[in-house]
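Structure first, then comments.
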Amino acid sequence: MRALSGFVALCCGLLLTFQADAQQPPPSPPATPVPQADSAARLTADDATTWLDGFMPYAIARGDIAGAVVTVVKDGQILVRRGYGVSDVAKQTPVDPDRTLFRMASVSKLMTWTAVMQLVEAGKLDLDADINQYLDFKVPERGLPITLRQLMTHTGGFEANIKYMWTSEAVAEAGGIALGPYLKRRVPAQIFPPGTVPAYSNYGTSLAGYIVERVSGQPFAEYVEQHIFAPLQMQHASFRQPLPPALRALVTQGYALGSGKPRAFEVTPSAPAGALSATGSDMARFMIAHLSAAGGHDTAILKAATSQLMLTPQTRFAPPLNTMALGFYEIDVNGQRVVSHAGDTYSFHSQLFLFRDHDVGLFVSLNSAGANGITGPIRRELLENFADRYFPAAAPAPAPAVAADAALAKQQAHLLAAPSYLDSRRAETGIGRTGILTQTRLEALDDGSLRLPRLKQPNGQPTTFKPIGPWLWQASNSELRLAAILKDGKPVGFAVDSSSPFNVFLAAEGYRSALWLKPLLTAAVTVLALSALAWPIAAFVRRRHGRVLGWPRSTLLAYRLSRAACWFMLLVPAVAIAVMAWASADFARLDDRLDPAVIGLGIGSVIAIVGGIGATAWNLVQTFRAGRGWLARVWAVLLLIAACVLAYALVLMGLADFALNY
């Protein structure tokens, strides 16, 4: 599961600005193997081991990562299984690919989607039926019913709530993470009509897991053990939380930095979306089964026909970028058809790649977040370098160049860079709502290129995309592409290959666009802060020189109340940031124990909004009535405007919502 970090990341949001037909899947492209270049190295156990032993130790040392596991499979066999670094820094326990369990995070979803497809294969589930017919509670619908196909392509339309995303082993031991009750209590708002926009959803995956549980008549963890783990002899894999004692002793510690202290075992109530613990060798067996089924062979877990259905492209929101299949998503490289799934908790970062036309799989998991978001670039580098070595393109790919029509490329770049963008995976409820300060910007360069500061390269620099076609750009140092999302021929958003199947960026609506709101909010906070600070300083200076304010009593009272309101209006968001920074340091803190603070922030926000606007408005009236100078009058006007702007921002941030399901 992709961990959210810090208050600003909790305040991401956007509104649907386009529609796309994702109800019927497009036909699957023919399985035409891409010619392999003569320079390709032969993928053997010895060569892959030597290459990995050169790449991985350097990568984890560079990223301050404690340990990692990598497995490679080919032609139905485990070719390479390697552990790097340590699973316990204090004890210096080496990573064992056969025995050391890693937390799989969202790679767990592939087990859930496999279970769904097994029941589809058995005729017990219909991908296009209303999911409410399989549930014992009703999921609200926005216009159209939600289907399993939409859950499997992250187009169910759910917002991304953060409360109870993670919890502790103590809560799990006390029975506090039962799947059914959790899903009934935590139903998120449906912010997009189903099938219209990709927005990654842990809740949607967990709904699918609960449907598996109800239709099969078995608890989800037990179903997966019996129908996936046992047939594949995955003896060190489990969705159970806490883990059985024999497996709990084998799981690696998780770290922020390998040089730091270990973090607590991360437990998620949304188990089907991210609770799997497994070894690298177990994940290799899972890859072998899916590759075999994709190659046309019935396996112990899926028939070939079911696999073909599962790997059929379903959605394409930003042509010609990658598509979402049923659970897997495309991440093609060097012209090879590759499907994948990544997963991230705070500490663990994993990814699985299947080279469909070569019967080859690659899996990696890291037990540390590492420095400067390094885990994403490491996984991308591993994929690209592996592909360059063993499956290079038949001809060297030309470096991205400015499109033939340079003027048009420049115009399109400036049009796409004009708005401020919000991630489709967002919250719209309570303290998690709307990101004013975290909206994504594109920077248009003079040659028609686009720079995306949010997407960092391994060296920490922002990624630059060169124009290669109408509304299409490619990274200058990789195969990553960026494409505009068009509506009626005009750009309304953009997507990047790395996440386009399940997440996109859409232009923020005018009422909450950071283009105008961020500078205005900065100015408002400056005015309020100057007024708040000047009040005690001026009082100290007057007292020191024996002077008093000779204003009417009502004017003096209005002045003092307005300055006190400034302090209070600044205090509320400061406390909110402090509370969320504290909670984001350990996401298990985001549970009912935080409710009093949320309610307190709601009360404080209402007082700040009403009192701040009221006090500064009264101060403005009294300033004019008292006949004060023009500078005082101008400042009183600015103070009222600043109070209104900050009040507006507090509402947008959801601090006054009193929502306890956020």
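By order of appearance in the structure tokens: chains A, B, ..., then residues from 1 within every chain, and ligands from 1 in the order shown.
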
According to DSSP computed on the backbone, where in stretch 258-382 of chain A is there alpha helix (DSSP H)? Give the residues as a compact mmCIF listing (two decimals) with all heavy atoms, in the first residue's frame.
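Output below, filename out.txt:
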# COMPACT_ATOMS: atom_id res chain seq x y z
N ALA A 271 -6.72 -5.77 4.82
CA ALA A 271 -5.80 -6.89 4.60
C ALA A 271 -5.67 -7.33 3.14
O ALA A 271 -4.55 -7.51 2.65
CB ALA A 271 -6.20 -8.07 5.48
N PRO A 272 -6.77 -7.52 2.40
CA PRO A 272 -6.61 -7.98 1.01
C PRO A 272 -5.82 -7.01 0.13
O PRO A 272 -5.33 -7.39 -0.93
CB PRO A 272 -8.05 -8.12 0.51
CG PRO A 272 -8.86 -8.33 1.74
CD PRO A 272 -8.20 -7.47 2.78
N ALA A 273 -5.70 -5.76 0.58
CA ALA A 273 -4.99 -4.75 -0.20
C ALA A 273 -3.51 -4.69 0.12
O ALA A 273 -2.74 -4.12 -0.67
CB ALA A 273 -5.61 -3.37 0.03
N GLY A 274 -3.08 -5.27 1.27
CA GLY A 274 -1.67 -5.06 1.58
C GLY A 274 -1.09 -5.83 2.74
O GLY A 274 -0.05 -5.44 3.26
N GLY A 280 11.04 -14.17 -0.84
CA GLY A 280 11.30 -13.99 -2.25
C GLY A 280 11.05 -15.25 -3.05
O GLY A 280 10.54 -15.21 -4.17
N SER A 281 11.38 -16.40 -2.47
CA SER A 281 11.18 -17.67 -3.17
C SER A 281 9.70 -17.97 -3.35
O SER A 281 9.29 -18.52 -4.38
CB SER A 281 11.86 -18.81 -2.40
OG SER A 281 13.26 -18.62 -2.39
N ASP A 282 8.88 -17.62 -2.34
CA ASP A 282 7.44 -17.82 -2.48
C ASP A 282 6.88 -16.95 -3.61
O ASP A 282 6.04 -17.41 -4.41
CB ASP A 282 6.73 -17.48 -1.18
CG ASP A 282 6.88 -18.56 -0.14
OD1 ASP A 282 6.93 -19.74 -0.52
OD2 ASP A 282 6.95 -18.23 1.06
N MET A 283 7.35 -15.72 -3.70
CA MET A 283 6.88 -14.85 -4.77
C MET A 283 7.34 -15.36 -6.14
O MET A 283 6.65 -15.18 -7.14
CB MET A 283 7.35 -13.41 -4.54
CG MET A 283 6.78 -12.78 -3.27
SD MET A 283 4.96 -12.86 -3.17
CE MET A 283 4.51 -11.84 -4.57
N ALA A 284 8.50 -16.03 -6.16
CA ALA A 284 8.96 -16.64 -7.41
C ALA A 284 7.98 -17.72 -7.86
O ALA A 284 7.66 -17.83 -9.06
CB ALA A 284 10.35 -17.22 -7.22
N ARG A 285 7.50 -18.52 -6.95
CA ARG A 285 6.54 -19.58 -7.30
C ARG A 285 5.24 -18.99 -7.82
O ARG A 285 4.61 -19.53 -8.75
CB ARG A 285 6.29 -20.47 -6.08
CG ARG A 285 7.54 -21.22 -5.62
CD ARG A 285 7.27 -22.12 -4.41
NE ARG A 285 8.51 -22.77 -3.99
CZ ARG A 285 9.30 -22.32 -3.02
NH1 ARG A 285 8.96 -21.24 -2.34
NH2 ARG A 285 10.41 -22.96 -2.72
N PHE A 286 4.83 -17.87 -7.24
CA PHE A 286 3.63 -17.19 -7.70
C PHE A 286 3.83 -16.66 -9.12
O PHE A 286 2.94 -16.78 -9.98
CB PHE A 286 3.30 -16.04 -6.74
CG PHE A 286 2.05 -15.27 -7.08
CD1 PHE A 286 0.80 -15.83 -6.88
CD2 PHE A 286 2.13 -13.98 -7.58
CE1 PHE A 286 -0.36 -15.12 -7.18
CE2 PHE A 286 0.98 -13.26 -7.89
CZ PHE A 286 -0.26 -13.83 -7.69
N MET A 287 5.01 -16.10 -9.41
CA MET A 287 5.29 -15.61 -10.75
C MET A 287 5.28 -16.75 -11.77
O MET A 287 4.75 -16.59 -12.88
CB MET A 287 6.65 -14.89 -10.78
CG MET A 287 6.67 -13.55 -10.06
SD MET A 287 8.16 -12.58 -10.42
CE MET A 287 9.45 -13.57 -9.66
N ILE A 288 5.87 -17.88 -11.41
CA ILE A 288 5.93 -19.03 -12.32
C ILE A 288 4.52 -19.45 -12.71
O ILE A 288 4.23 -19.73 -13.89
CB ILE A 288 6.69 -20.19 -11.66
CG1 ILE A 288 8.19 -19.87 -11.61
CG2 ILE A 288 6.46 -21.49 -12.42
CD1 ILE A 288 8.99 -20.85 -10.78
N ALA A 289 3.61 -19.49 -11.74
CA ALA A 289 2.24 -19.92 -12.02
C ALA A 289 1.56 -18.96 -12.99
O ALA A 289 0.90 -19.39 -13.96
CB ALA A 289 1.45 -20.03 -10.72
N HIS A 290 1.70 -17.65 -12.77
CA HIS A 290 1.04 -16.69 -13.66
C HIS A 290 1.67 -16.68 -15.04
O HIS A 290 0.97 -16.54 -16.06
CB HIS A 290 1.06 -15.29 -13.03
CG HIS A 290 -0.16 -15.01 -12.21
ND1 HIS A 290 -1.38 -14.71 -12.77
CD2 HIS A 290 -0.35 -15.01 -10.86
CE1 HIS A 290 -2.28 -14.53 -11.81
NE2 HIS A 290 -1.68 -14.71 -10.65
N LEU A 291 2.99 -16.83 -15.12
CA LEU A 291 3.64 -16.87 -16.43
C LEU A 291 3.22 -18.11 -17.22
O LEU A 291 2.99 -18.05 -18.43
CB LEU A 291 5.16 -16.86 -16.25
CG LEU A 291 5.77 -15.50 -15.88
CD1 LEU A 291 7.20 -15.68 -15.39
CD2 LEU A 291 5.73 -14.54 -17.06
N SER A 292 3.10 -19.23 -16.51
CA SER A 292 2.68 -20.46 -17.17
C SER A 292 1.26 -20.32 -17.72
O SER A 292 0.97 -20.71 -18.87
CB SER A 292 2.76 -21.64 -16.20
OG SER A 292 2.36 -22.84 -16.82
N ALA A 293 0.36 -19.75 -16.92
CA ALA A 293 -1.02 -19.55 -17.38
C ALA A 293 -1.06 -18.57 -18.53
O ALA A 293 -1.80 -18.76 -19.52
CB ALA A 293 -1.89 -19.07 -16.22
N ALA A 294 -0.24 -17.50 -18.45
CA ALA A 294 -0.20 -16.53 -19.54
C ALA A 294 0.36 -17.15 -20.81
O ALA A 294 0.02 -16.73 -21.93
CB ALA A 294 0.66 -15.33 -19.14
N ALA A 304 -5.61 -21.26 -18.40
CA ALA A 304 -5.03 -20.36 -19.39
C ALA A 304 -6.05 -19.34 -19.89
O ALA A 304 -5.73 -18.15 -20.08
CB ALA A 304 -4.47 -21.17 -20.57
N ALA A 305 -7.29 -19.75 -20.11
CA ALA A 305 -8.32 -18.83 -20.60
C ALA A 305 -8.61 -17.74 -19.58
O ALA A 305 -8.86 -16.59 -19.95
CB ALA A 305 -9.59 -19.61 -20.93
N THR A 306 -8.57 -18.10 -18.31
CA THR A 306 -8.81 -17.11 -17.25
C THR A 306 -7.66 -16.11 -17.20
O THR A 306 -7.86 -14.91 -17.02
CB THR A 306 -8.96 -17.80 -15.89
OG1 THR A 306 -9.94 -18.83 -15.99
CG2 THR A 306 -9.38 -16.81 -14.82
N SER A 307 -6.45 -16.62 -17.37
CA SER A 307 -5.28 -15.73 -17.39
C SER A 307 -5.36 -14.76 -18.56
O SER A 307 -5.05 -13.57 -18.41
CB SER A 307 -4.00 -16.56 -17.49
OG SER A 307 -2.87 -15.72 -17.65
N GLN A 308 -5.78 -15.24 -19.72
CA GLN A 308 -5.91 -14.36 -20.88
C GLN A 308 -6.90 -13.24 -20.60
O GLN A 308 -6.67 -12.08 -20.93
CB GLN A 308 -6.35 -15.16 -22.10
CG GLN A 308 -6.45 -14.29 -23.37
CD GLN A 308 -6.88 -15.11 -24.58
OE1 GLN A 308 -7.16 -16.30 -24.48
NE2 GLN A 308 -6.95 -14.46 -25.73
N LEU A 309 -8.01 -13.58 -19.95
CA LEU A 309 -8.99 -12.56 -19.56
C LEU A 309 -8.38 -11.59 -18.57
O LEU A 309 -8.56 -10.37 -18.68
CB LEU A 309 -10.23 -13.23 -18.97
CG LEU A 309 -11.30 -12.31 -18.37
CD1 LEU A 309 -11.86 -11.37 -19.43
CD2 LEU A 309 -12.41 -13.13 -17.73
N MET A 310 -7.64 -12.11 -17.60
CA MET A 310 -7.06 -11.28 -16.56
C MET A 310 -6.04 -10.29 -17.13
O MET A 310 -5.90 -9.17 -16.62
CB MET A 310 -6.41 -12.16 -15.50
CG MET A 310 -5.98 -11.44 -14.24
SD MET A 310 -5.39 -12.60 -12.98
CE MET A 310 -5.17 -11.48 -11.59
N THR A 375 13.57 4.36 -3.20
CA THR A 375 13.10 3.02 -3.54
C THR A 375 12.42 2.96 -4.90
O THR A 375 12.54 1.96 -5.62
CB THR A 375 12.14 2.49 -2.47
OG1 THR A 375 11.04 3.41 -2.32
CG2 THR A 375 12.86 2.33 -1.13
N GLY A 376 11.70 4.00 -5.28
CA GLY A 376 11.07 4.02 -6.60
C GLY A 376 12.10 4.00 -7.71
O GLY A 376 12.04 3.16 -8.62
N PRO A 377 13.08 4.93 -7.69
CA PRO A 377 14.12 4.90 -8.71
C PRO A 377 14.92 3.60 -8.74
O PRO A 377 15.30 3.14 -9.82
CB PRO A 377 15.02 6.08 -8.32
CG PRO A 377 14.09 7.04 -7.65
CD PRO A 377 13.12 6.18 -6.90
N ILE A 378 15.17 2.97 -7.59
CA ILE A 378 15.91 1.71 -7.58
C ILE A 378 15.12 0.64 -8.34
O ILE A 378 15.68 -0.10 -9.16
CB ILE A 378 16.20 1.25 -6.13
CG1 ILE A 378 17.32 2.07 -5.53
CG2 ILE A 378 16.57 -0.24 -6.10
CD1 ILE A 378 17.62 1.74 -4.08
N ARG A 379 13.82 0.55 -8.08
CA ARG A 379 13.02 -0.47 -8.75
C ARG A 379 12.93 -0.20 -10.25
O ARG A 379 12.98 -1.13 -11.06
CB ARG A 379 11.63 -0.53 -8.13
CG ARG A 379 11.61 -1.19 -6.75
CD ARG A 379 10.25 -1.12 -6.10
NE ARG A 379 9.94 0.23 -5.62
CZ ARG A 379 8.80 0.57 -5.04
NH1 ARG A 379 7.84 -0.33 -4.87
NH2 ARG A 379 8.59 1.79 -4.63
N ARG A 380 12.83 1.07 -10.63
CA ARG A 380 12.77 1.40 -12.05
C ARG A 380 14.11 1.09 -12.73
O ARG A 380 14.16 0.53 -13.83
CB ARG A 380 12.43 2.89 -12.22
CG ARG A 380 12.24 3.31 -13.68
CD ARG A 380 10.93 2.81 -14.25
NE ARG A 380 10.96 2.82 -15.71
CZ ARG A 380 9.91 2.51 -16.45
NH1 ARG A 380 8.77 2.18 -15.89
NH2 ARG A 380 10.00 2.52 -17.77
N GLU A 381 15.21 1.44 -12.07
CA GLU A 381 16.54 1.14 -12.61
C GLU A 381 16.74 -0.37 -12.76
O GLU A 381 17.32 -0.84 -13.75
CB GLU A 381 17.62 1.71 -11.69
CG GLU A 381 17.95 3.15 -11.92
CD GLU A 381 19.16 3.56 -11.10
OE1 GLU A 381 19.12 3.45 -9.86
OE2 GLU A 381 20.16 3.99 -11.71
N LEU A 382 16.30 -1.13 -11.76
CA LEU A 382 16.44 -2.58 -11.81
C LEU A 382 15.72 -3.14 -13.03
O LEU A 382 16.28 -3.95 -13.78
CB LEU A 382 15.90 -3.21 -10.53
CG LEU A 382 15.92 -4.75 -10.47
CD1 LEU A 382 17.35 -5.26 -10.44
CD2 LEU A 382 15.14 -5.24 -9.24

Requested in this report: Do a neighbour search on A:Trp166 at 9 Å with only C-alpha atoms, toss out local chain neighbours closer than 6 positions, and write the hits as a list in words.
Outcome: Glu266, Val267, Thr268, Pro269, Ser270, Asp586, Phe587, Ala588, Arg589, Leu590 and Asp591 of chain A

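With only C-alpha atoms as the atoms that count, the minimum distance from A:Phe265 to the choices A:Lys184, A:Arg628, A:Arg248, A:Arg62 is reached by A:Arg248.
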
**Report entry** Near-A:Val606 list (9 Å; only C-alpha atoms; drop same-chain fewer than 6 positions) as a PyMOL selection string
**Finding:** chain A and resi 647+655-656

Keeping N, CA and C atoms, export the residues of the selection given above as a PDB file, in the first residue's frame.
ATOM      1  N   ALA A 647      -9.769  31.838   6.458  1.00  0.00           N
ATOM      2  CA  ALA A 647     -10.995  31.109   6.787  1.00  0.00           C
ATOM      3  C   ALA A 647     -11.410  30.211   5.620  1.00  0.00           C
ATOM      4  N   LEU A 655     -10.923  21.258   7.917  1.00  0.00           N
ATOM      5  CA  LEU A 655     -10.709  21.313   9.366  1.00  0.00           C
ATOM      6  C   LEU A 655     -11.997  21.600  10.125  1.00  0.00           C
ATOM      7  N   ALA A 656     -12.980  22.161   9.436  1.00  0.00           N
ATOM      8  CA  ALA A 656     -14.254  22.473  10.095  1.00  0.00           C
ATOM      9  C   ALA A 656     -15.326  21.443   9.780  1.00  0.00           C
TER      10      ALA A 656
END

Query raised in the report: Residues at most 10 Å from A:Met56, counting only C-alpha atoms, excluding those fewer than 2 positions away in the same chain, as a ChimeraX atom specification?
Result: /A:51-54,58-62,67-70,82-85,378,382

Requested in this report: Find the spatial neighbours of A:Ala564, counting only C-alpha atoms, within a cut-off of 9 Å - ignore same-chain residues fewer than 6 positions away - and output them as a VMD selection string.
Outcome: chain A and resid 532 535 612 615

**Report entry** Residue with smallest distance to A:Ala278 - pool A:Val107, A:Ala387, A:Ile436, A:Leu638, counting only C-alpha atoms
**Finding:** A:Val107

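Among A:Tyr421, A:Tyr511, A:Trp551, A:Trp516, the residue with the shortest atom-to-atom distance to A:Thr438, counting only C-alpha atoms, is A:Tyr421.
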
**Report entry** Filtered DSSP result for stretch 138-329 of chain A, state strand (DSSP E), as a list of chain:residue names
**Finding:** A:Ala237, A:Ser238, A:Gly254, A:Tyr255, A:Pro262, A:Arg263, A:Ser277, A:Ala278, A:Tyr329

Could you please take those selected residues and save all heavy atoms as a compact mmCIF listing (two decimals), in the first residue's frame?
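Everything below was put into out.txt:
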# COMPACT_ATOMS: atom_id res chain seq x y z
N ALA A 237 4.30 -17.93 3.41
CA ALA A 237 3.47 -16.81 2.98
C ALA A 237 2.19 -16.80 3.80
O ALA A 237 1.63 -17.85 4.10
CB ALA A 237 3.14 -16.92 1.49
N SER A 238 1.74 -15.59 4.17
CA SER A 238 0.53 -15.50 4.99
C SER A 238 -0.06 -14.10 4.93
O SER A 238 0.68 -13.10 4.86
CB SER A 238 0.85 -15.85 6.44
OG SER A 238 -0.32 -15.75 7.24
N GLY A 254 11.53 -3.65 9.61
CA GLY A 254 11.34 -2.58 8.65
C GLY A 254 11.98 -1.30 9.16
O GLY A 254 11.96 -1.02 10.37
N TYR A 255 12.54 -0.52 8.26
CA TYR A 255 13.29 0.68 8.65
C TYR A 255 12.91 1.88 7.80
O TYR A 255 12.50 1.73 6.64
CB TYR A 255 14.80 0.44 8.48
CG TYR A 255 15.36 -0.69 9.32
CD1 TYR A 255 15.34 -2.00 8.85
CD2 TYR A 255 15.90 -0.45 10.57
CE1 TYR A 255 15.85 -3.04 9.61
CE2 TYR A 255 16.41 -1.49 11.34
CZ TYR A 255 16.39 -2.78 10.86
OH TYR A 255 16.88 -3.81 11.63
N PRO A 262 14.67 0.23 13.92
CA PRO A 262 13.56 -0.48 13.27
C PRO A 262 12.22 0.10 13.68
O PRO A 262 12.07 0.68 14.76
CB PRO A 262 13.72 -1.92 13.78
CG PRO A 262 14.44 -1.79 15.08
CD PRO A 262 15.36 -0.62 14.92
N ARG A 263 11.23 -0.07 12.81
CA ARG A 263 9.87 0.38 13.07
C ARG A 263 9.01 -0.82 13.45
O ARG A 263 9.36 -1.97 13.17
CB ARG A 263 9.29 1.08 11.85
CG ARG A 263 10.01 2.37 11.49
CD ARG A 263 9.47 2.97 10.21
NE ARG A 263 8.05 3.25 10.32
CZ ARG A 263 7.53 4.36 10.83
NH1 ARG A 263 8.33 5.30 11.29
NH2 ARG A 263 6.23 4.53 10.90
N SER A 277 2.66 -11.23 3.82
CA SER A 277 4.07 -11.40 4.16
C SER A 277 4.54 -12.66 3.44
O SER A 277 3.85 -13.69 3.48
CB SER A 277 4.28 -11.56 5.66
OG SER A 277 3.83 -10.43 6.37
N ALA A 278 5.70 -12.61 2.79
CA ALA A 278 6.17 -13.76 2.03
C ALA A 278 7.66 -13.65 1.79
O ALA A 278 8.25 -12.56 1.90
CB ALA A 278 5.42 -13.88 0.69
N TYR A 329 -0.95 -4.24 -14.13
CA TYR A 329 -0.90 -3.09 -15.03
C TYR A 329 0.34 -3.18 -15.90
O TYR A 329 1.36 -3.78 -15.54
CB TYR A 329 -0.94 -1.75 -14.28
CG TYR A 329 0.08 -1.56 -13.17
CD1 TYR A 329 1.39 -1.20 -13.44
CD2 TYR A 329 -0.29 -1.72 -11.84
CE1 TYR A 329 2.32 -1.01 -12.43
CE2 TYR A 329 0.62 -1.53 -10.82
CZ TYR A 329 1.93 -1.17 -11.12
OH TYR A 329 2.84 -0.97 -10.11

Contact residues around A:Asp47 with only C-alpha atoms at 12 Å, ignoring same-chain residues under 2 positions, as an mmCIF file with N, CA and C atoms, in the first residue's frame:
data_model
loop_
_atom_site.group_PDB
_atom_site.id
_atom_site.type_symbol
_atom_site.label_atom_id
_atom_site.label_comp_id
_atom_site.auth_asym_id
_atom_site.auth_seq_id
_atom_site.Cartn_x
_atom_site.Cartn_y
_atom_site.Cartn_z
ATOM 1 N N ALA A 40 22.145 -8.956 -26.806
ATOM 2 C CA ALA A 40 21.555 -9.370 -25.537
ATOM 3 C C ALA A 40 22.415 -10.432 -24.865
ATOM 4 N N ALA A 41 22.594 -10.260 -23.546
ATOM 5 C CA ALA A 41 23.261 -11.302 -22.770
ATOM 6 C C ALA A 41 22.301 -12.467 -22.588
ATOM 7 N N ARG A 42 22.847 -13.648 -22.453
ATOM 8 C CA ARG A 42 22.009 -14.831 -22.252
ATOM 9 C C ARG A 42 21.597 -14.896 -20.786
ATOM 10 N N LEU A 43 20.290 -14.992 -20.561
ATOM 11 C CA LEU A 43 19.772 -15.012 -19.195
ATOM 12 C C LEU A 43 19.991 -16.395 -18.593
ATOM 13 N N THR A 44 21.081 -16.521 -17.838
ATOM 14 C CA THR A 44 21.401 -17.756 -17.127
ATOM 15 C C THR A 44 21.524 -17.451 -15.650
ATOM 16 N N ALA A 45 21.509 -18.485 -14.845
ATOM 17 C CA ALA A 45 21.631 -18.294 -13.405
ATOM 18 C C ALA A 45 22.945 -17.604 -13.062
ATOM 19 N N THR A 49 23.068 -13.795 -11.607
ATOM 20 C CA THR A 49 23.595 -13.666 -10.251
ATOM 21 C C THR A 49 24.749 -12.681 -10.212
ATOM 22 N N THR A 50 25.671 -12.814 -11.169
ATOM 23 C CA THR A 50 26.813 -11.901 -11.216
ATOM 24 C C THR A 50 26.363 -10.464 -11.426
ATOM 25 N N TRP A 51 25.392 -10.282 -12.342
ATOM 26 C CA TRP A 51 24.915 -8.923 -12.603
ATOM 27 C C TRP A 51 24.209 -8.337 -11.381
ATOM 28 N N LEU A 52 23.314 -9.105 -10.761
ATOM 29 C CA LEU A 52 22.606 -8.621 -9.576
ATOM 30 C C LEU A 52 23.564 -8.331 -8.433
ATOM 31 N N ASP A 53 24.598 -9.164 -8.278
ATOM 32 C CA ASP A 53 25.565 -8.950 -7.197
ATOM 33 C C ASP A 53 26.389 -7.686 -7.416
ATOM 34 N N GLY A 54 26.383 -7.187 -8.642
ATOM 35 C CA GLY A 54 27.015 -5.907 -8.901
ATOM 36 C C GLY A 54 26.066 -4.741 -8.706
ATOM 37 N N VAL A 72 14.517 -14.237 -9.660
ATOM 38 C CA VAL A 72 14.300 -14.259 -11.101
ATOM 39 C C VAL A 72 13.824 -15.657 -11.466
ATOM 40 N N LEU A 79 15.319 -19.231 -11.289
ATOM 41 C CA LEU A 79 16.659 -19.107 -11.847
ATOM 42 C C LEU A 79 17.638 -18.529 -10.819
ATOM 43 N N VAL A 80 17.197 -17.478 -10.123
ATOM 44 C CA VAL A 80 18.054 -16.793 -9.150
ATOM 45 C C VAL A 80 17.222 -16.444 -7.940
ATOM 46 N N PHE A 386 17.813 -4.552 -16.209
ATOM 47 C CA PHE A 386 17.567 -5.970 -16.480
ATOM 48 C C PHE A 386 17.114 -6.146 -17.930
ATOM 49 N N ARG A 389 19.879 -5.518 -20.454
ATOM 50 C CA ARG A 389 20.872 -6.589 -20.508
ATOM 51 C C ARG A 389 20.346 -7.832 -21.227
ATOM 52 N N TYR A 390 19.122 -8.210 -20.898
ATOM 53 C CA TYR A 390 18.625 -9.488 -21.402
ATOM 54 C C TYR A 390 17.595 -9.364 -22.525
#

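Computed from the coordinates, the atom CA of A:Val251 to atom CA of A:Asn367 distance equals 10.2 Å.
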
Query raised in the report: A:Gly430: which residues within 6 Å, counting only C-alpha atoms, same-chain residues fewer than 2 positions away excluded, as a ChimeraX atom specification?
Result: /A:432-433,654,657,659,662

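Using only C-alpha atoms for every distance, the candidate list A:Ala649, A:Ile577, A:Ala529, A:Leu455 yields A:Leu455 as the residue closest to A:Ala495.
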
Report task. Quote the spacing between atom CA of A:Leu520 and atom CA of A:Leu601 in Å to one decimal place. Result -> 23.1 Å

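Using only C-alpha atoms for every distance, the candidate list A:Phe137, A:Pro198, A:Pro419, A:Ala642 yields A:Phe137 as the residue closest to A:Arg185.
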